[in-house]
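Data block below; observations after.
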Amino acid sequence: MTASTIDAGRRGLLRFATAGSVDDGKSTLVGRLLHDSKSVLADQLEAVELTSQARGLATPDLSLLVDGLRAEREQGITIDVAYRYFATPARTFILADTPGHVQYTRNTITGASTADAVVILTDARTGVVAQTRRHATVAALVGVRHLVLAVNKIDLVDYDEQVFRRIADEFADYALGLGVPEVTSIPISALHGDNVVARSARIDWYSGPSVLEHLEQLDITQDTADETLRFPVQYVIRPRTADHPDYRGYAGRVAAGTVRPGDPVVALPSGRRSTVLAIDTADGERSSARAGESVTLLLADDLDISRGELIAAAVDAPRPVTEFSATVTHLAERPLRAGTRVLLRHGTTSTRAIVTTIESLLDIDTLATSAAPEALTLNDIAQIGIRVAEPVAVEDFRPGGAVGALLLVDPADGTTLAAGMVGDRPTALRDGRCRPVADATADPDSLPTPGP
Amino acid sequence: MTAVAEPAAAPTGLPSAPDHLRALESEAIHILREVAGQFDRPVILFSGGKDSVVVLHLARKAFHPASIPFSLLHVDTGHNFPEVLSYRDEVVAAGGFRLAVAHVQDWIDDGRLSERPDGTRNPLQTVPLLDTIADQRYDAVIGGARRDEERSRAKERIFSLRDAFGGWDPRRQRPELWDLYNGRHAPGEHVRVFPLSNWTELDVWAYIGAEQIVLPEIYYSHQREVFRRNGMWLAPGEWGGPVGAEQLETRTVRYRTVGDMSCTGAVESEAADVAAVIAEISITRITERGATRADDKLSEAAMEDRKREGYF
């Protein structure tokens with residue numbers, strides 16, 4: 001890859017996560033992706049070869065490329081989410097490699113929360129197992145739109161097309177039922193490199209792309225034309241210098257929609273109204289800014305807005321509330337009970353809150369809910385009620401997490417207790433409000449965004 | 001977060017740079033603004049090395065047209081390249097920044113640290129760093145480390161909690177979801193913040209090119225007297241080289257990283273500008289740390305062990 005090929009015909013950044021059981025060969029797949037896309041450099045490979053030889057292995061164990069911590073290498077396991085970076089002439093990738101066996105929900109939800117796509121590994125000999133369904137469910141809960149099932153070890157079932165078809169059909173039924181808009185299955189052998197980067201000659205009945213080709217081609221540009229502005233204020237910029245005596249800019253990142261000068265906006269929860277005067281950056285003023293971009297907004301009126309407020313389009317601004325319901329994943333060892341006092345992090349808001357009720361527990365194998373336990377423990381997914389000290393402009397979670405994502409934090413030591421999504425995500429999935437529409441021209445944003 | 005790029009619609013006023021670089025820039029600016037919003041006494045670790053230079057550049061962009069709400073800190077091993085120190089001082093003077101320097105030599109002089117037998121001072125930076133963080137009551141320490149540098153760093157959070165001893169416990173790390181960074185910490189603890197977590201070496205160079213950021217000249221090809229030790233080209237200096245049979249010779253070199261002179265090697269290179277450097281590292285087969293850092297070759301988990309003790 002040369003500098004000149006970096007820019008040509010590229011599809012931009014793709015963030016994806018990998019998930020799978022401990023024996024599904026996930027580290028091998030990731031190592032193979034890095035190795036075969038020439039993202040592994042000589043000194044890294046040399047280190048892997050030396051360690052592999054020391055362990056008496058005949059071929060380099062590519063999983064050693066990704067298991068970064070001493071304990072992981074010593075125990076041959078993956079403990080924590082690892083981030084990897086590689087680029088092909090077609091695209092730049094950020095890979096969140098999530099371990100499968102311990103704390104799977106916590107790790108998978110962490111990796112999937114920032115992912116455009118999730119690649120789930122399964123063993124062709126066992127097919128779709130409980131863990132496969134759990135990974136798919138967690139990915140769907142956090143709004144991932146593209147799922148890939150890599151059916152690994154296809155060589156161990158003699159490259160049998162019928163085995164692959166059965167697994168692919170079963171997985172597609174399950175994942176499409178969760179409302180994931182795009183589901184793809186690919187037969188691979190991570191160990192031998194079949195269909196990971198290069199297409200396999202040994203799987204002649206399969207005419208689709210390799211895993212890497214599929215990720216290179218994924219279209220993640222979504223039609224956000226009908227989304228309206230959401231802009232959480234991070235910081236107020238007031239230079240108070242001779243050059244800028246009266247400058248007051250609201251620094252933040254556009255969470256949803258597009259902002260243009262002249263747009264009528266409202267700051268929440270205060271409810272103060274104004275108009276966007278200018279969009280400022282260090283590179284000069286902009287005529288517009290869209291979701292994901294960090295800019296500074298100047299308003300026509302001198303409002304007293306501070307960090308934690310949300311600047312929203314005046315037309316459909318959310319209504320600040322003091323009580324709401326959320327789907328949360330419990331991430332900490334200490335249990336979470338009704339009555340627990342927490343800090344709520346939502347957008348740039350940090351406010352005192354109390355867990356009022358634990359409404360129900362979610363069975364992520366069936367999406368059925370069961371009676372609420374007395375306390376939530378690590379990896380539980382539950383529906384809970386939250387009451388806040390001051391009104392917060394919450395609204396239902398949207399894929400990507402820029403709208404409706406929250407954390408519950410222990411005020412004493414700052415531990416992140418739970419991560420959540422405003423609204424009732426499981427019901428949204430069950431009701432099919434997130435179901436795919438067969439018509440490819442359908443607006444994808446109408447799918448996963450339950451209306452109020 | 002999942003920033004959605006619309007390739008067709010390039011808003012006016014946007015400088016030309018690949019989409020993914022603009023996405024990384026927006027992410028880093030968002031992170032730096034979160035630090036300003038969540039902490040009382042944040043500091044940027046500024047050595048004059050390219051990653052810290054990029055962090056400072058991003059901070060200036062994040063708070064434009066105001067000055068940055070951070071002070072700067074440099075832990076000076078006493079074996080730094082003079083070109084880098086003068087660059088550091090020029091940047092600080094031109095920008096009107098507040099820079100604190102912790103001199104490792106002071107810790108050696110008063111007996112809190114002792115020189116290592118191999119003369120390397122890189123690992124000695126940890127104690128002065130932690131002492132200064134405690135003295136100055138810094139609650140957020142912003143660094144330019146990237147996850148692609150080294151495999152234990154691949155597991156690092158963007159907001160990384162350090163205990164009262166400055167230590168990093170990989171098993172106690174907080175899960176980090178969406179773009180909600182949790183900077184809450186107990187008194188005495190602090191948070192390390194890494195805005196360039198998702199950048200690669202190539203991204204950093206492409207950004208330096210796109211933004212026309214000035215770096216210390218030793219990042220570019222130049223003639224230098226060097227000698228060979230442990231497979232690396234080291235520069236002579238008071239730190240202790242060359243010794244014995246080590247021969248000085250003049251080579252055309254540049255540095256891929258700039259750190260303590262005793263363990264930072266030069267690479268032979270004709271790359272005299274950003275474009276040439278990008279072309280060079282695009283085809284290189286060795287990581288920047290593997291090529292130029294003796295301290296990371298000490299053991300399979302050298303970086304992890306230093307991080308646990310409170311290193312950058």
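Residue numbering restarts at 1 in every chain; chains get A, B, ... in the order shown in the structure tokens, and ligands count up from 1 in that same order.
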- Excluding same-chain residues fewer than 3 positions from region 105-107 of chain B, what lies within 9 Å of it counting only C-alpha atoms, as a list in words? Asp76, Thr77, Gly78, Ala102, Asp110, Gly111, Arg112, Leu113, Ser114, Val127 and Pro128 of chain B
Would you save the residues of that selection, restricted to N, CA and C atoms, as a tab-separated table (two decimals), in the first residue's frame?
chain	number	residue	atom	x	y	z
B	76	ASP	N	11.71	14.89	31.68
B	76	ASP	CA	12.96	14.97	30.93
B	76	ASP	C	13.97	14.00	31.55
B	77	THR	N	14.37	13.01	30.75
B	77	THR	CA	15.30	12.00	31.27
B	77	THR	C	16.70	12.57	31.45
B	78	GLY	N	16.97	13.73	30.85
B	78	GLY	CA	18.33	14.26	30.84
B	78	GLY	C	19.12	13.73	29.67
B	102	ALA	N	9.69	17.86	34.75
B	102	ALA	CA	10.21	17.03	35.84
B	102	ALA	C	11.52	16.43	35.35
B	110	ASP	N	18.95	13.43	44.43
B	110	ASP	CA	18.58	13.36	45.84
B	110	ASP	C	18.30	11.94	46.31
B	111	GLY	N	18.64	10.96	45.47
B	111	GLY	CA	18.63	9.58	45.93
B	111	GLY	C	17.30	8.86	45.82
B	112	ARG	N	16.27	9.54	45.29
B	112	ARG	CA	15.00	8.84	45.15
B	112	ARG	C	15.04	7.81	44.03
B	113	LEU	N	15.97	8.01	43.09
B	113	LEU	CA	16.16	7.05	42.01
B	113	LEU	C	17.65	6.77	41.88
B	114	SER	N	17.99	5.59	41.38
B	114	SER	CA	19.39	5.36	41.07
B	114	SER	C	19.52	4.93	39.61
B	127	VAL	N	8.69	7.18	38.13
B	127	VAL	CA	8.61	7.76	39.48
B	127	VAL	C	8.47	9.29	39.43
B	128	PRO	N	9.32	10.01	38.68
B	128	PRO	CA	9.10	11.46	38.57
B	128	PRO	C	7.72	11.81	38.03
- Task: Using only C-alpha atoms, determine which residues lie at most 8 Å from Thr250 (chain B), disregarding the query and same-chain residues fewer than 5 positions distant; provide the list as JSON, numbers by chain.
- Result: {"B": [223, 224, 225, 226]}
Keeping N, CA and C atoms, export the residues of the selection given above as a PDB file, in the first residue's frame.
ATOM      1  N   GLN B 223      22.206  13.752   8.091  1.00  0.00           N
ATOM      2  CA  GLN B 223      23.481  13.081   8.331  1.00  0.00           C
ATOM      3  C   GLN B 223      23.765  13.106   9.827  1.00  0.00           C
ATOM      4  N   ARG B 224      24.185  11.966  10.374  1.00  0.00           N
ATOM      5  CA  ARG B 224      24.433  11.946  11.812  1.00  0.00           C
ATOM      6  C   ARG B 224      25.525  10.915  12.119  1.00  0.00           C
ATOM      7  N   GLU B 225      26.339  11.244  13.083  1.00  0.00           N
ATOM      8  CA  GLU B 225      27.311  10.269  13.584  1.00  0.00           C
ATOM      9  C   GLU B 225      26.587   9.308  14.512  1.00  0.00           C
ATOM     10  N   VAL B 226      26.651   8.018  14.195  1.00  0.00           N
ATOM     11  CA  VAL B 226      25.960   7.021  15.003  1.00  0.00           C
ATOM     12  C   VAL B 226      26.871   5.821  15.195  1.00  0.00           C
TER      13      VAL B 226
END
- Item | Which of region 62-228 of chain B fall in strand (DSSP E), as a VMD selection string | chain B and resid 71 to 76 99 to 103 140 to 142 159 to 162 190 to 193 222 to 228
- Item | Distance query region 312-318 of chain A at most 12 Å, only C-alpha atoms, self and fewer than 6 positions along chain excluded, as a PyMOL selection string | chain A and resi 226-233+254-260+262-276+297+391-396+403-404+451-452
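Distances to Thr108 (chain A) were evaluated for B:Glu176, B:Val267, B:Ser71, B:Glu309 using only C-alpha atoms, and the minimum falls at B:Glu176.
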- List every residue of region 165-293 of chain B that DSSP, applied to the backbone, labels as helix (DSSP H, G or I), and write the result as an MDAnalysis selection string. chainID B and resid 170:172 201:211 217:219 274:283 288:292
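Residue nearest chain B, chosen from A:Ala371, A:Val295, A:Ala54, A:Leu277 and counting only C-alpha atoms: A:Val295.
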- Find the spatial neighbours of Pro411 (chain A), counting only C-alpha atoms, within a cut-off of 10 Å - ignore same-chain residues fewer than 4 positions away - and output them as a PyMOL selection string. (chain A and resi 341-344+352-353+415-416) or (chain B and resi 184-186)
Compile the contact shell of region 84-100 of chain B as an mmCIF file with N, CA and C atoms, in the first residue's frame: residues with an atom at most 10 Å away, counting only C-alpha atoms, same-chain residues fewer than 6 positions apart removed.
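So out-v5.cif came out as:
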data_model
loop_
_atom_site.group_PDB
_atom_site.id
_atom_site.type_symbol
_atom_site.label_atom_id
_atom_site.label_comp_id
_atom_site.auth_asym_id
_atom_site.auth_seq_id
_atom_site.Cartn_x
_atom_site.Cartn_y
_atom_site.Cartn_z
ATOM 1 N N VAL B 43 -3.690 17.781 32.406
ATOM 2 C CA VAL B 43 -2.376 18.146 31.883
ATOM 3 C C VAL B 43 -2.083 17.290 30.654
ATOM 4 N N ILE B 44 -1.388 17.878 29.682
ATOM 5 C CA ILE B 44 -0.953 17.119 28.500
ATOM 6 C C ILE B 44 0.515 16.763 28.674
ATOM 7 N N LEU B 45 0.849 15.493 28.496
ATOM 8 C CA LEU B 45 2.253 15.090 28.481
ATOM 9 C C LEU B 45 2.839 15.526 27.139
ATOM 10 N N PHE B 46 3.790 16.451 27.192
ATOM 11 C CA PHE B 46 4.328 17.019 25.957
ATOM 12 C C PHE B 46 5.837 16.887 25.942
ATOM 13 N N SER B 47 6.322 16.031 25.025
ATOM 14 C CA SER B 47 7.753 15.767 24.953
ATOM 15 C C SER B 47 8.379 16.391 23.721
ATOM 16 N N GLY B 48 7.555 16.837 22.778
ATOM 17 C CA GLY B 48 8.086 17.237 21.478
ATOM 18 C C GLY B 48 8.088 16.080 20.495
ATOM 19 N N GLY B 49 7.737 14.885 20.967
ATOM 20 C CA GLY B 49 7.570 13.741 20.074
ATOM 21 C C GLY B 49 6.320 13.927 19.225
ATOM 22 N N VAL B 53 2.899 16.135 19.858
ATOM 23 C CA VAL B 53 2.710 17.336 19.036
ATOM 24 C C VAL B 53 1.319 17.317 18.395
ATOM 25 N N LEU B 56 -1.337 18.091 21.032
ATOM 26 C CA LEU B 56 -1.396 19.534 21.320
ATOM 27 C C LEU B 56 -2.101 20.285 20.185
ATOM 28 N N ARG B 60 -5.537 22.506 20.492
ATOM 29 C CA ARG B 60 -5.703 23.902 20.052
ATOM 30 C C ARG B 60 -6.923 24.029 19.158
ATOM 31 N N SER B 67 -7.646 29.813 24.348
ATOM 32 C CA SER B 67 -6.434 29.042 24.590
ATOM 33 C C SER B 67 -6.823 27.713 25.238
ATOM 34 N N ILE B 68 -5.917 26.758 25.218
ATOM 35 C CA ILE B 68 -6.271 25.419 25.696
ATOM 36 C C ILE B 68 -6.412 25.424 27.227
ATOM 37 N N PRO B 69 -7.395 24.706 27.755
ATOM 38 C CA PRO B 69 -7.600 24.666 29.205
ATOM 39 C C PRO B 69 -6.732 23.601 29.886
ATOM 40 N N PHE B 70 -5.555 23.351 29.337
ATOM 41 C CA PHE B 70 -4.637 22.345 29.881
ATOM 42 C C PHE B 70 -3.262 22.977 30.070
ATOM 43 N N SER B 71 -2.517 22.519 31.073
ATOM 44 C CA SER B 71 -1.098 22.840 31.114
ATOM 45 C C SER B 71 -0.320 21.673 30.507
ATOM 46 N N LEU B 72 0.992 21.852 30.340
ATOM 47 C CA LEU B 72 1.823 20.819 29.726
ATOM 48 C C LEU B 72 2.834 20.299 30.737
ATOM 49 N N LEU B 73 3.189 19.031 30.602
ATOM 50 C CA LEU B 73 4.187 18.419 31.481
ATOM 51 C C LEU B 73 5.158 17.598 30.636
ATOM 52 N N HIS B 74 6.443 17.765 30.895
ATOM 53 C CA HIS B 74 7.438 16.923 30.241
ATOM 54 C C HIS B 74 8.313 16.278 31.308
ATOM 55 N N VAL B 75 8.455 14.958 31.227
ATOM 56 C CA VAL B 75 9.404 14.263 32.087
ATOM 57 C C VAL B 75 10.695 14.134 31.280
ATOM 58 N N ASP B 76 11.711 14.892 31.685
ATOM 59 C CA ASP B 76 12.957 14.972 30.932
ATOM 60 C C ASP B 76 13.965 13.999 31.546
ATOM 61 N N THR B 132 5.124 13.898 40.302
ATOM 62 C CA THR B 132 4.649 15.193 39.821
ATOM 63 C C THR B 132 3.125 15.216 39.724
ATOM 64 N N GLN B 136 1.244 18.018 41.873
ATOM 65 C CA GLN B 136 0.454 19.031 41.166
ATOM 66 C C GLN B 136 -1.040 18.727 41.209
ATOM 67 N N VAL B 214 4.496 21.267 12.016
ATOM 68 C CA VAL B 214 5.961 21.275 12.058
ATOM 69 C C VAL B 214 6.433 20.333 13.174
ATOM 70 N N LEU B 215 7.435 19.511 12.862
ATOM 71 C CA LEU B 215 7.998 18.564 13.829
ATOM 72 C C LEU B 215 9.478 18.878 14.062
ATOM 73 N N PRO B 216 10.055 18.334 15.137
ATOM 74 C CA PRO B 216 11.514 18.425 15.291
ATOM 75 C C PRO B 216 12.191 17.845 14.042
ATOM 76 N N GLU B 217 13.287 18.472 13.610
ATOM 77 C CA GLU B 217 13.875 18.091 12.325
ATOM 78 C C GLU B 217 14.434 16.667 12.313
ATOM 79 N N ILE B 218 14.685 16.088 13.489
ATOM 80 C CA ILE B 218 15.307 14.759 13.484
ATOM 81 C C ILE B 218 14.354 13.664 13.019
ATOM 82 N N TYR B 219 13.050 14.005 12.839
ATOM 83 C CA TYR B 219 12.119 13.047 12.254
ATOM 84 C C TYR B 219 12.374 12.847 10.762
ATOM 85 N N VAL B 258 11.032 9.614 19.131
ATOM 86 C CA VAL B 258 12.083 10.332 19.840
ATOM 87 C C VAL B 258 11.868 10.131 21.336
ATOM 88 N N GLY B 259 12.867 9.559 21.987
ATOM 89 C CA GLY B 259 12.773 9.318 23.413
ATOM 90 C C GLY B 259 14.142 9.487 24.013
#
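If you look at CA of Thr322 (chain A) and CA of Gly423 (chain A), they are 13.9 Å away from each other.
When only C-alpha atoms are used to measure the gap to Leu58 (chain B), the shortest distance among B:Arg256, B:His79, B:Arg174, B:His30 belongs to B:His30.
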- Find the residue from B:Ser282, B:Ser262, B:Ser269, B:Ser152 that sits nearest to Pro117 (chain B); use only C-alpha atoms when measuring. B:Ser262
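Of the listed residues (A:Glu46, A:Asn152, A:Tyr83, A:Gln53), A:Asn152 comes nearest to Ser21 (chain A); the distances count only C-alpha atoms.
Using only C-alpha atoms, the shortest contact distance between Thr200 (chain B) and any of A:Ala87, A:His214, A:Asp380, A:Leu50 is found at A:Ala87.
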- Message: Set the distance at 12 Å and use only C-alpha atoms: which residues neighbour Gly240 (chain B) once local chain neighbours fewer than 2 positions away are removed? I'd like the list as a PyMOL selection string.
- Response: chain B and resi 79+115-121+227+229+234-238+242-244+246+260-263
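CA of Thr366 (chain A) to CA of Arg145 (chain A) spans 19.9 Å [interatomic distance, one decimal].
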